[in-house]
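Scroll down for the structure; my scribbles are underneath it.
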Amino acid sequence: MNDVLDALTPWPEDGLRADGPVAVDATDRLLLDEAANLLDGFRACDGAVAVVGDHFGALTLGVVALDGRGVRVHTDAVTSEQAICANADVVLSHHGPRPFVVHPALTAAVVAGARLVLMQLPRSLDELREVAHLIACHASPDVTVVAGGRIKHMTPAMNDVLAESFADVQASLARSKSRLLIARNPQPTSVNFPPIFPRKAVLDDREIVDAVGNPVTVLAHGGVFAGTT
């Protein structure tokens with residue numbers, strides 16, 4: 001796996017700029033070390049692993065290097081999608097279909113039946129809430145969610161958000177200024193609760209009505225800046 005990670009670049013950059021982005025950070029490595037411990041029981045099962053929020057392919061291609069098959073991937077930025085595929089073309093030596101599928105939309109298809117979900121913690125609590133609820137509703141009942149982040153960007157509220165959808169939420173020990181939140185046992189109340197995203201609001205400010213002739217209905221997913229406002 002380390003050979004794969006060492007070959008990645010922060011596409012489209014080459015990673016040589018001193019103040020530029022890095023293709024693999026400490027959080028990626030911590031997530032993959034935890035994944036290696038968890039994958040032993042089901043690494044040969046197609047579609048057992050889902051990845052959310054990968055930046056340059058470290059999580060996706062790291063799991064593939066651990067013999068993950070049929071890995072499903074969703075990341076919000078189209079540039080991240082392109083980076084994952086560009087790095088895959090470099091590090092995957094075999095020909096034929098890629099051993100992962102990138103899903104452009106965050107839907108049930110990303111996590112359906114998954115037993116392990118790896119994710120980079122988003123900054124937005126609503127985005128985390130949406131992803132956690134989706135996993136609780138559609139992943140395998142024995143799913144383990146491993147969410148990692150830099151400690152300086154993490155807050156106790158993230159634990160609370162995960163606890164809305166999972167009965168068991170634990171924090172790992174810190175390493176290299178990163179930490180993991182590990183969630184298990186989807187809450188029955190979450191599974192049986194209707195989806196809370198996208199949220200809906202009707203904007204009927206006078207300026208809007210004057211401009212377009214009627215109120216405007218806005219739908220917003222968790223990662224949308226300012227939500228429905």
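All residue names refer to the structure tokens as shown: chains lettered A, B, ... in order, residues numbered from 1 in each chain, ligands numbered from 1 in order.
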Counting only C-alpha atoms, which residues in stretch 1-112 of chain A sit no more than 10 Å from stretch 171-180 of chain A? For each one, give the nearest pair of atoms and the distance in Å, sorted by chain then residue number, as a tab-separated table.
residue	atom	partner	partner_atom	distance
A:Asp25	CA	A:Ser178	CA	9.4
A:Ala26	CA	A:Ser176	CA	6.2
A:Thr27	CA	A:Ser178	CA	5.5
A:Asp28	CA	A:Ser178	CA	9.2
A:Arg29	CA	A:Ser178	CA	9.6
A:Leu30	CA	A:Arg175	CA	7.5
A:Leu31	CA	A:Leu180	CA	7.3
A:Glu34	CA	A:Leu180	CA	9.0
Would you return as an MDAnalysis selection string the members of stretch 4-154 of chain A that DSSP assigns to helix (DSSP H, G or I) on this structure's backbone? chainID A and resid 4:7 26:41 58:65 78:91 108:111 125:138 151:153
Among listed residues A:Val78, A:Leu121, A:Ile84, A:Cys137, nearest A:Ala108 (using only C-alpha atoms):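 Ranking A:Val78, A:Leu121, A:Ile84, A:Cys137 by distance to A:Ala108, first place goes to A:Cys137.
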Write down as an MDAnalysis selection string the residues of stretch 91-137 of chain A whose backbone DSSP state falls under strand (DSSP E or B). chainID A and resid 100:102 116:120
Serialized selection, N, CA, C and O atoms, as a short mmCIF file (atom, residue, chain, number, x, y, z; two decimals), in the first residue's frame:
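Contents of result-v2.cif, freshly written:
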data_model
loop_
_atom_site.label_atom_id
_atom_site.label_comp_id
_atom_site.auth_asym_id
_atom_site.auth_seq_id
_atom_site.Cartn_x
_atom_site.Cartn_y
_atom_site.Cartn_z
N PHE A 100 -12.90 0.37 -8.83
CA PHE A 100 -13.72 1.30 -8.04
C PHE A 100 -14.67 2.02 -8.98
O PHE A 100 -14.44 2.09 -10.20
N VAL A 101 -15.74 2.55 -8.41
CA VAL A 101 -16.73 3.28 -9.19
C VAL A 101 -16.96 4.63 -8.52
O VAL A 101 -17.25 4.70 -7.32
N VAL A 102 -16.82 5.71 -9.28
CA VAL A 102 -17.06 7.05 -8.75
C VAL A 102 -18.53 7.42 -9.01
O VAL A 102 -18.99 7.38 -10.15
N LEU A 116 -18.08 -1.19 5.47
CA LEU A 116 -17.07 -0.23 5.94
C LEU A 116 -17.18 1.03 5.11
O LEU A 116 -17.19 0.96 3.88
N VAL A 117 -17.30 2.17 5.77
CA VAL A 117 -17.31 3.47 5.09
C VAL A 117 -16.17 4.30 5.64
O VAL A 117 -16.09 4.54 6.86
N LEU A 118 -15.28 4.71 4.77
CA LEU A 118 -14.18 5.60 5.14
C LEU A 118 -14.51 6.99 4.64
O LEU A 118 -14.94 7.16 3.50
N MET A 119 -14.30 7.99 5.50
CA MET A 119 -14.60 9.34 5.06
C MET A 119 -13.71 10.37 5.73
O MET A 119 -13.31 10.22 6.89
N GLN A 120 -13.38 11.39 4.96
CA GLN A 120 -12.75 12.58 5.51
C GLN A 120 -13.87 13.44 6.10
O GLN A 120 -14.87 13.70 5.44
#
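Atom CA of A:Leu66 is positioned 20.3 Å from atom CA of A:Asp142.
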Near-A:Leu61 list (10 Å; only C-alpha atoms; drop same-chain fewer than 3 positions) as a count of residues only: 22
Please list as a list in words every residue within 10 Å of A:Pro104, counting only C-alpha atoms and excluding residues in the same chain fewer than 3 positions away.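 So, after excluding close chain neighbours, the residues are Val73, His74, Thr75, Asp76, Ala77, Val78, Glu81, Val101, Thr107 and Val110 of chain A.
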Atom CA of A:His221 to atom CA of A:Thr155: how many Å, to one decimal? 21.1 Å
One-decimal distance in Å that lies between atom CA of A:Arg115 and atom CA of A:Gly62: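 That distance, rounded to one decimal, is 16.9 Å.
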Please provide the set of residues having any atom within 8 Å of A:Gly113, restricted to only C-alpha atoms, with same-chain residues fewer than 5 positions apart removed, written as a compact mmCIF listing (two decimals) with N, CA, C and O atoms, in the first residue's frame.
# COMPACT_ATOMS: atom_id res chain seq x y z
N GLY A 47 -18.06 -4.47 -3.28
CA GLY A 47 -18.98 -3.46 -2.77
C GLY A 47 -19.04 -3.36 -1.26
O GLY A 47 -19.92 -2.69 -0.73
N ALA A 48 -18.10 -3.99 -0.55
CA ALA A 48 -18.14 -3.94 0.90
C ALA A 48 -17.66 -2.61 1.45
O ALA A 48 -17.96 -2.26 2.59
N HIS A 138 -28.97 2.92 4.72
CA HIS A 138 -28.79 2.08 3.53
C HIS A 138 -27.59 1.13 3.59
O HIS A 138 -27.53 0.19 2.79
N ALA A 139 -26.66 1.34 4.49
CA ALA A 139 -25.52 0.43 4.60
C ALA A 139 -25.93 -0.85 5.34
O ALA A 139 -27.06 -0.97 5.82
N SER A 140 -25.03 -1.79 5.42
CA SER A 140 -25.29 -3.02 6.17
C SER A 140 -25.52 -2.69 7.65
O SER A 140 -24.92 -1.75 8.19
